[in-house]
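Data from model21.txt: compact mmCIF, C-alpha atoms and all ligand atoms
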# COMPACT_ATOMS: atom_id res chain seq x y z
CA MET V 1 -50.33 170.29 34.45
CA SER V 2 -47.04 169.23 35.97
CA GLN V 3 -43.92 170.97 34.71
CA LEU V 4 -41.04 169.39 32.85
CA LEU V 5 -38.17 168.86 35.29
CA LEU V 6 -35.63 166.95 33.21
CA ASP V 7 -35.42 167.22 29.43
CA VAL V 8 -32.73 165.10 27.78
CA ASN V 9 -32.28 165.45 24.02
CA GLY V 10 -30.02 163.49 21.70
CA LEU V 11 -27.74 162.34 24.50
CA MET V 12 -24.53 160.72 23.22
CA MET V 13 -21.69 159.02 25.06
CA GLN V 14 -18.81 157.51 23.15
CA PHE V 15 -15.86 155.63 24.64
CA GLY V 16 -13.30 155.54 21.83
CA GLY V 17 -15.04 153.60 19.08
CA LEU V 18 -17.86 152.34 21.32
CA VAL V 19 -21.11 154.29 21.21
CA ALA V 20 -22.56 153.45 24.63
CA VAL V 21 -25.42 155.98 24.45
CA ASN V 22 -26.82 156.92 21.07
CA LYS V 23 -29.30 159.81 20.72
CA VAL V 24 -31.25 159.08 23.87
CA ASN V 25 -34.21 161.35 24.72
CA LEU V 26 -35.83 161.37 28.17
CA ASN V 27 -38.39 163.53 29.93
CA VAL V 28 -39.26 163.58 33.60
CA LYS V 29 -42.05 165.82 34.83
CA GLU V 30 -42.67 167.02 38.38
CA ARG V 31 -44.11 164.26 40.61
CA GLN V 32 -43.42 161.50 38.08
CA ILE V 33 -41.81 158.09 38.48
CA VAL V 34 -39.97 157.26 35.27
CA SER V 35 -38.02 154.08 34.59
CA VAL V 36 -35.23 153.24 32.16
CA ILE V 37 -35.02 149.57 31.28
CA GLY V 38 -32.98 147.53 28.85
CA PRO V 39 -30.81 144.43 28.64
CA ASN V 40 -27.44 144.19 30.39
CA GLY V 41 -24.94 146.58 28.87
CA ALA V 42 -27.69 148.62 27.16
CA GLY V 43 -26.19 151.89 28.42
CA LYS V 44 -28.53 152.68 31.33
CA THR V 45 -25.87 153.43 33.96
CA THR V 46 -23.91 155.42 31.39
CA VAL V 47 -27.02 157.59 30.89
CA PHE V 48 -27.19 158.13 34.68
CA ASN V 49 -23.47 158.97 34.76
CA CYS V 50 -24.06 161.61 32.07
CA LEU V 51 -27.06 163.12 33.88
CA SER V 52 -25.39 163.27 37.29
CA GLY V 53 -22.03 164.75 36.28
CA PHE V 54 -19.88 161.61 36.45
CA TYR V 55 -19.32 161.69 32.69
CA ILE V 56 -19.28 164.62 30.31
CA PRO V 57 -21.60 163.54 27.47
CA THR V 58 -20.03 163.61 24.02
CA GLY V 59 -23.23 165.06 22.55
CA GLY V 60 -26.77 166.22 23.21
CA SER V 61 -28.28 168.32 25.95
CA VAL V 62 -29.44 167.71 29.52
CA MET V 63 -31.77 170.44 30.72
CA PHE V 64 -32.72 170.36 34.40
CA LYS V 65 -35.28 172.94 35.55
CA GLY V 66 -34.67 174.78 32.28
CA LYS V 67 -30.87 174.98 32.63
CA GLU V 68 -28.17 173.03 30.81
CA ILE V 69 -26.34 170.73 33.24
CA ALA V 70 -24.37 168.54 30.80
CA GLY V 71 -20.68 168.92 31.64
CA LYS V 72 -21.27 170.33 35.12
CA LYS V 73 -19.59 168.68 38.12
CA ASP V 74 -21.51 166.15 40.23
CA PHE V 75 -21.64 168.43 43.30
CA GLN V 76 -22.92 171.36 41.22
CA ILE V 77 -25.70 169.18 39.82
CA SER V 78 -26.65 167.78 43.21
CA ARG V 79 -26.81 171.33 44.62
CA GLN V 80 -29.30 172.17 41.88
CA GLY V 81 -31.54 169.36 43.11
CA LEU V 82 -30.64 166.25 41.10
CA VAL V 83 -29.10 163.49 43.24
CA ARG V 84 -28.43 159.80 42.66
CA THR V 85 -27.72 156.46 44.24
CA PHE V 86 -25.38 153.85 42.77
CA GLN V 87 -25.78 150.27 41.61
CA HIS V 88 -23.71 149.09 44.59
CA VAL V 89 -24.40 150.43 48.07
CA ARG V 90 -21.93 153.24 48.85
CA LEU V 91 -22.38 153.95 52.55
CA PHE V 92 -19.64 154.71 55.06
CA LYS V 93 -20.03 151.28 56.59
CA GLN V 94 -17.96 151.96 59.75
CA MET V 95 -20.01 155.04 60.55
CA THR V 96 -23.32 155.01 62.32
CA VAL V 97 -26.56 155.57 60.47
CA ILE V 98 -26.92 159.13 61.80
CA GLU V 99 -23.29 159.95 60.94
CA ASN V 100 -23.94 158.88 57.35
CA MET V 101 -26.92 161.24 57.28
CA LEU V 102 -24.86 164.16 58.61
CA VAL V 103 -21.89 163.62 56.29
CA ALA V 104 -24.29 163.68 53.34
CA GLN V 105 -25.37 167.21 54.24
CA HIS V 106 -21.89 168.57 54.80
CA ARG V 107 -21.38 169.87 51.26
CA HIS V 108 -24.81 171.43 51.24
CA LEU V 109 -24.41 173.37 54.47
CA ASN V 110 -23.40 176.95 53.86
CA THR V 111 -20.70 177.12 56.52
CA ASN V 112 -17.02 177.99 56.57
CA LEU V 113 -14.05 176.92 58.65
CA LEU V 114 -14.17 179.95 60.97
CA SER V 115 -17.86 179.61 61.83
CA GLY V 116 -17.19 175.92 62.51
CA LEU V 117 -14.15 176.65 64.70
CA PHE V 118 -15.92 179.28 66.76
CA LYS V 119 -19.28 177.48 66.71
CA THR V 120 -21.13 180.69 65.87
CA ALA V 121 -24.88 180.94 66.49
CA SER V 122 -25.64 180.52 62.78
CA TYR V 123 -23.37 177.45 62.60
CA LYS V 124 -25.17 175.88 65.56
CA ARG V 125 -28.54 176.61 63.95
CA LEU V 126 -27.47 174.97 60.68
CA GLU V 127 -26.10 171.99 62.60
CA GLN V 128 -29.39 171.62 64.44
CA GLU V 129 -31.35 171.85 61.19
CA ALA V 130 -29.13 169.15 59.66
CA MET V 131 -29.78 166.92 62.66
CA ASP V 132 -33.54 167.54 62.46
CA ARG V 133 -33.59 166.73 58.73
CA ALA V 134 -31.57 163.56 59.37
CA ALA V 135 -33.98 162.40 62.07
CA HIS V 136 -37.00 163.27 59.91
CA TRP V 137 -35.77 161.22 56.96
CA LEU V 138 -34.66 158.30 59.11
CA GLU V 139 -38.21 158.19 60.40
CA GLU V 140 -39.63 158.38 56.86
CA VAL V 141 -37.60 155.32 55.81
CA ASP V 142 -38.28 153.54 59.10
CA LEU V 143 -34.68 153.55 60.34
CA LEU V 144 -34.83 156.01 63.22
CA GLN V 145 -34.55 153.20 65.78
CA PHE V 146 -31.21 152.24 64.19
CA ALA V 147 -29.74 155.78 64.23
CA ASN V 148 -26.75 154.78 66.38
CA ARG V 149 -26.08 151.44 64.71
CA GLU V 150 -23.05 151.00 62.46
CA SER V 151 -24.51 151.19 58.96
CA GLY V 152 -22.52 148.13 57.83
CA ASN V 153 -24.53 146.08 60.33
CA LEU V 154 -27.91 146.93 58.78
CA SER V 155 -29.64 144.41 56.54
CA TYR V 156 -29.19 144.98 52.82
CA GLY V 157 -32.74 146.32 52.44
CA GLN V 158 -32.14 148.77 55.30
CA GLN V 159 -28.86 149.90 53.72
CA ARG V 160 -30.71 150.62 50.47
CA ARG V 161 -33.32 152.67 52.37
CA LEU V 162 -30.54 154.53 54.20
CA GLU V 163 -29.00 155.45 50.86
CA ILE V 164 -32.31 156.94 49.76
CA ALA V 165 -32.68 158.82 53.07
CA ARG V 166 -29.14 160.10 52.67
CA CYS V 167 -30.09 161.55 49.29
CA MET V 168 -33.29 163.04 50.64
CA VAL V 169 -31.60 165.14 53.36
CA THR V 170 -29.99 167.16 50.58
CA GLN V 171 -33.54 168.18 49.56
CA PRO V 172 -33.51 167.08 45.92
CA GLU V 173 -36.32 167.54 43.42
CA LEU V 174 -35.23 164.64 41.22
CA LEU V 175 -33.84 161.39 42.60
CA LEU V 176 -31.98 158.96 40.33
CA LEU V 177 -32.00 155.39 41.62
CA ASP V 178 -29.64 152.91 39.96
CA GLU V 179 -31.05 149.39 40.43
CA PRO V 180 -32.47 150.04 43.90
CA ALA V 181 -34.07 146.57 44.12
CA ALA V 182 -30.90 144.63 43.23
CA GLY V 183 -30.23 142.01 45.90
CA LEU V 184 -33.46 142.67 47.83
CA ASN V 185 -35.85 139.93 48.94
CA PRO V 186 -39.55 140.22 47.97
CA ASN V 187 -40.50 141.86 51.29
CA GLU V 188 -37.73 144.42 51.00
CA THR V 189 -38.71 145.10 47.38
CA LYS V 190 -42.29 145.76 48.49
CA GLU V 191 -41.05 148.23 51.13
CA LEU V 192 -38.93 149.94 48.48
CA ASP V 193 -41.91 150.10 46.12
CA GLU V 194 -43.99 151.80 48.85
CA LEU V 195 -41.16 154.19 49.70
CA ILE V 196 -40.74 155.36 46.09
CA ILE V 197 -44.48 155.95 45.77
CA LYS V 198 -44.46 157.85 49.07
CA LEU V 199 -41.64 160.09 47.81
CA ARG V 200 -43.79 161.05 44.83
CA ASP V 201 -47.17 161.31 46.53
CA GLU V 202 -46.25 162.82 49.89
CA HIS V 203 -43.02 164.66 49.19
CA ASP V 204 -43.54 165.79 45.56
CA ILE V 205 -40.28 164.17 44.46
CA SER V 206 -39.69 162.94 40.91
CA VAL V 207 -37.85 159.65 40.56
CA LEU V 208 -35.91 158.32 37.58
CA LEU V 209 -34.90 154.72 38.06
CA ILE V 210 -32.96 151.99 36.35
CA GLU V 211 -34.29 148.60 37.35
CA HIS V 212 -34.26 144.99 36.23
CA ASP V 213 -37.14 143.96 38.51
CA MET V 214 -40.01 144.14 36.01
CA GLY V 215 -42.68 143.72 38.71
CA LEU V 216 -41.42 146.87 40.43
CA VAL V 217 -41.00 148.83 37.18
CA MET V 218 -44.43 147.93 35.77
CA GLY V 219 -46.14 148.55 39.12
CA ILE V 220 -44.85 152.03 39.93
CA SER V 221 -43.78 153.78 36.71
CA ASP V 222 -45.75 156.63 35.20
CA HIS V 223 -43.59 156.30 32.09
CA ILE V 224 -40.99 153.79 30.88
CA TYR V 225 -38.12 154.20 28.41
CA VAL V 226 -36.49 151.17 26.84
CA ILE V 227 -32.91 151.32 25.60
CA ALA V 228 -31.12 148.54 23.71
CA GLN V 229 -27.48 148.74 22.68
CA GLY V 230 -27.39 152.38 23.70
CA THR V 231 -30.27 153.33 21.38
CA PRO V 232 -33.89 154.21 22.27
CA LEU V 233 -36.19 151.30 21.44
CA ALA V 234 -39.58 152.33 22.85
CA ASP V 235 -41.30 154.43 25.48
CA GLY V 236 -44.76 154.53 26.99
CA ASN V 237 -46.75 153.34 29.97
CA ALA V 238 -46.50 149.83 31.43
CA ASP V 239 -49.12 148.40 29.04
CA ASP V 240 -47.48 149.95 25.97
CA ILE V 241 -44.14 148.45 26.97
CA ARG V 242 -45.50 145.05 27.97
CA ASN V 243 -47.19 144.69 24.59
CA ASN V 244 -44.47 146.15 22.37
CA PRO V 245 -43.13 143.33 20.16
CA ASP V 246 -39.70 144.99 19.78
CA VAL V 247 -39.35 145.17 23.56
CA ILE V 248 -40.47 141.59 24.02
CA LYS V 249 -37.90 140.50 21.45
CA ALA V 250 -35.02 142.63 22.71
CA TYR V 251 -35.58 142.48 26.40
CA LEU V 252 -38.50 140.71 27.99
CA GLY V 253 -37.94 137.75 25.68
CA GLU V 254 -34.57 137.27 27.32
CA ALA V 255 -36.09 136.40 30.69
N1 LIG C 301 -15.96 154.13 31.42
C1 LIG C 301 -16.21 153.31 30.40
N2 LIG C 301 -15.26 153.05 29.46
C2 LIG C 301 -15.51 152.23 28.41
N3 LIG C 301 -16.69 151.60 28.21
C3 LIG C 301 -17.66 151.83 29.10
C4 LIG C 301 -17.48 152.68 30.24
N4 LIG C 301 -18.65 152.69 30.96
C5 LIG C 301 -19.50 151.89 30.30
N5 LIG C 301 -18.92 151.36 29.20
C6 LIG C 301 -19.55 150.47 28.21
O1 LIG C 301 -20.77 151.06 27.82
C7 LIG C 301 -21.77 150.05 27.61
C8 LIG C 301 -22.97 150.33 28.45
O2 LIG C 301 -22.68 150.04 29.81
P1 LIG C 301 -23.67 150.40 31.01
O3 LIG C 301 -23.00 150.00 32.28
O4 LIG C 301 -24.13 151.80 30.88
O5 LIG C 301 -24.89 149.41 30.72
P2 LIG C 301 -26.15 149.08 31.64
O6 LIG C 301 -27.35 149.13 30.75
O7 LIG C 301 -26.17 149.95 32.83
O8 LIG C 301 -25.85 147.57 32.06
P3 LIG C 301 -26.31 146.72 33.37
O9 LIG C 301 -27.78 146.54 33.26
O10 LIG C 301 -25.57 145.44 33.18
O11 LIG C 301 -25.88 147.49 34.56
C9 LIG C 301 -21.10 148.70 27.91
O12 LIG C 301 -20.65 148.15 26.70
C10 LIG C 301 -19.94 149.11 28.80
O13 LIG C 301 -18.89 148.19 28.70

Take the structure from the file and write it as structure tokens.
Amino acid sequence: MSQLLLDVNGLMMQFGGLVAVNKVNLNVKERQIVSVIGPNGAGKTTVFNCLSGFYIPTGGSVMFKGKEIAGKKDFQISRQGLVRTFQHVRLFKQMTVIENMLVAQHRHLNTNLLSGLFKTASYKRLEQEAMDRAAHWLEEVDLLQFANRESGNLSYGQQRRLEIARCMVTQPELLLLDEPAAGLNPNETKELDELIIKLRDEHDISVLLIEHDMGLVMGISDHIYVIAQGTPLADGNADDIRNNPDVIKAYLGEA
């Protein structure tokens, strides 16, 4: 039986009079791909912002590996093993691919100014390990041959894969992907689909994703949550969701 990794209960986020997230519950187990879907403005990104430390929820609890993380800072949460991507690509576009991978690990390396200045043996070892991890993950996402290319010159699909690789070098257990297929062509979406499945099956990573591409969601999700106007509407597997009349009305019916 796989263990519960993320356990969200009664999550609330209010902006003044607007209740953007209203009593949302979510579970993600180890080695699960879970999706959150819902119409535009349903509150999906706000949920992600609450889980990843960008917002302090106004209510409810967010337990990650059995510990409360609601209200913690983003870097504290990512150090515990929960990392995210954003709706819009956020790479350092002027930097090379490998530089992006190294910068991502900077906060996670246990070094200090002095060991860096004097290039101590332990600093060099950590630097080498960071480089090895970067190369490993670039290979996993099929970007190793572009290691020295400016990341802004990659295709959009490659930039999306680089963002995922950049998360993976920090060795997370749960990866949050905010609309990873947005702007991708069908080929790139298929590569993304395969990559997410590989993360689960070969690297034991759990993935929580927000996505509008229903083909992708229905094809890869172990479990799906539907939110409408900030409020939970339904959850279940792809068949449950496809056949749920409330979901069809509120969401799929829109398409
Ligand atoms: N910082 C904020 N201040 C005020 N209102 C906000 C803030 N962030 C989000 N909202 C509001 O919360 C609601 C939910 O927005 P959110 O971006 O979470 O929806 P979403 O489901 O991710 O939408 P989309 O699918 O279009 O990305 C919207 O009404 C939005 O305007």

Two-atom distance - atom O1 of ligand LIG 301 (chain C), atom CA of V:Asp222 (Å):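 Interatomic distance here is 26.6 Å.
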
Give me the box for stretch 92-99 of chain V as JSON, namely the centre and edge lengths in Å to one decimal of a box along x, y and z that holds every listed atom plus 8 Å on each side.
{"center_x": -22.4, "center_y": 155.6, "center_z": 58.7, "size_x": 25.0, "size_y": 24.7, "size_z": 23.3}

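The shortest atom-to-atom distance to V:Leu102, with only C-alpha atoms taken into account, belongs to V:Leu138 out of V:Leu138, V:Leu177, V:Cys50, V:Val89.
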
Dump the neighbourhood of ligand LIG 301 (chain C) as a ChimeraX atom specification: all residues within 12 Å, distances computed on only C-alpha atoms and all ligand atoms. /V:12-22,36-50,54-57,86-88,177-180,182,209-213,226-232,251

Using all atoms listed in the file for the distances, tell me which of V:Leu208, V:Met63, V:Val97, V:Cys167 is nearest to V:Gly152.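 Checking each candidate against V:Gly152, we get V:Val97 as the closest.
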
Atom CA of V:Leu6 to atom CA of V:Gly60, straight-line distance in Å: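 Straight-line distance from atom CA of V:Gly60 to atom CA of V:Leu6 works out to 13.4 Å.
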
If we count all atoms listed in the file, what is near V:Leu143 at a cut-off of 12 Å, once residues fewer than 6 positions away on the same chain are taken out, given as a list in words? Thr96, Val97, Ile98, Met101, Ala134, Ala135, His136, Trp137, Arg149, Ser151, Leu154, Ser155, Gly157, Gln158, Gln159, Arg160, Arg161, Leu162, Glu163, Ile164, Ala165 and Arg166 of chain V

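Using only C-alpha atoms, the smallest distance between any of V:Asn27, V:Gln145, V:Ser52, V:Gln171 and V:Lys72 comes from V:Ser52.
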
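Proximity to V:Glu150 was assessed for V:Val207, V:Val247, V:Met95, V:Ala70 counting only C-alpha atoms; the smallest distance is recorded for V:Met95.
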
How many Å separate atom CA of V:Asn237 from atom CA of V:Val8? 18.4 Å

From the list V:Asp74, V:Asp246, V:Glu140, V:Glu68, the nearest residue to V:Gly53 using all atoms listed in the file is V:Asp74

So, counting all atoms listed in the file, which residue among V:Gln80, V:Asn100, V:Asn187, V:Ser221 is closest to V:Lys65?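 Nearest to V:Lys65: V:Gln80.
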
Near V:Asp204, within 10 Å and counting only C-alpha atoms, which residues show up once chain neighbours fewer than 4 positions away are dropped, as a PyMOL selection string? chain V and resi 30-32+173-174+197-200
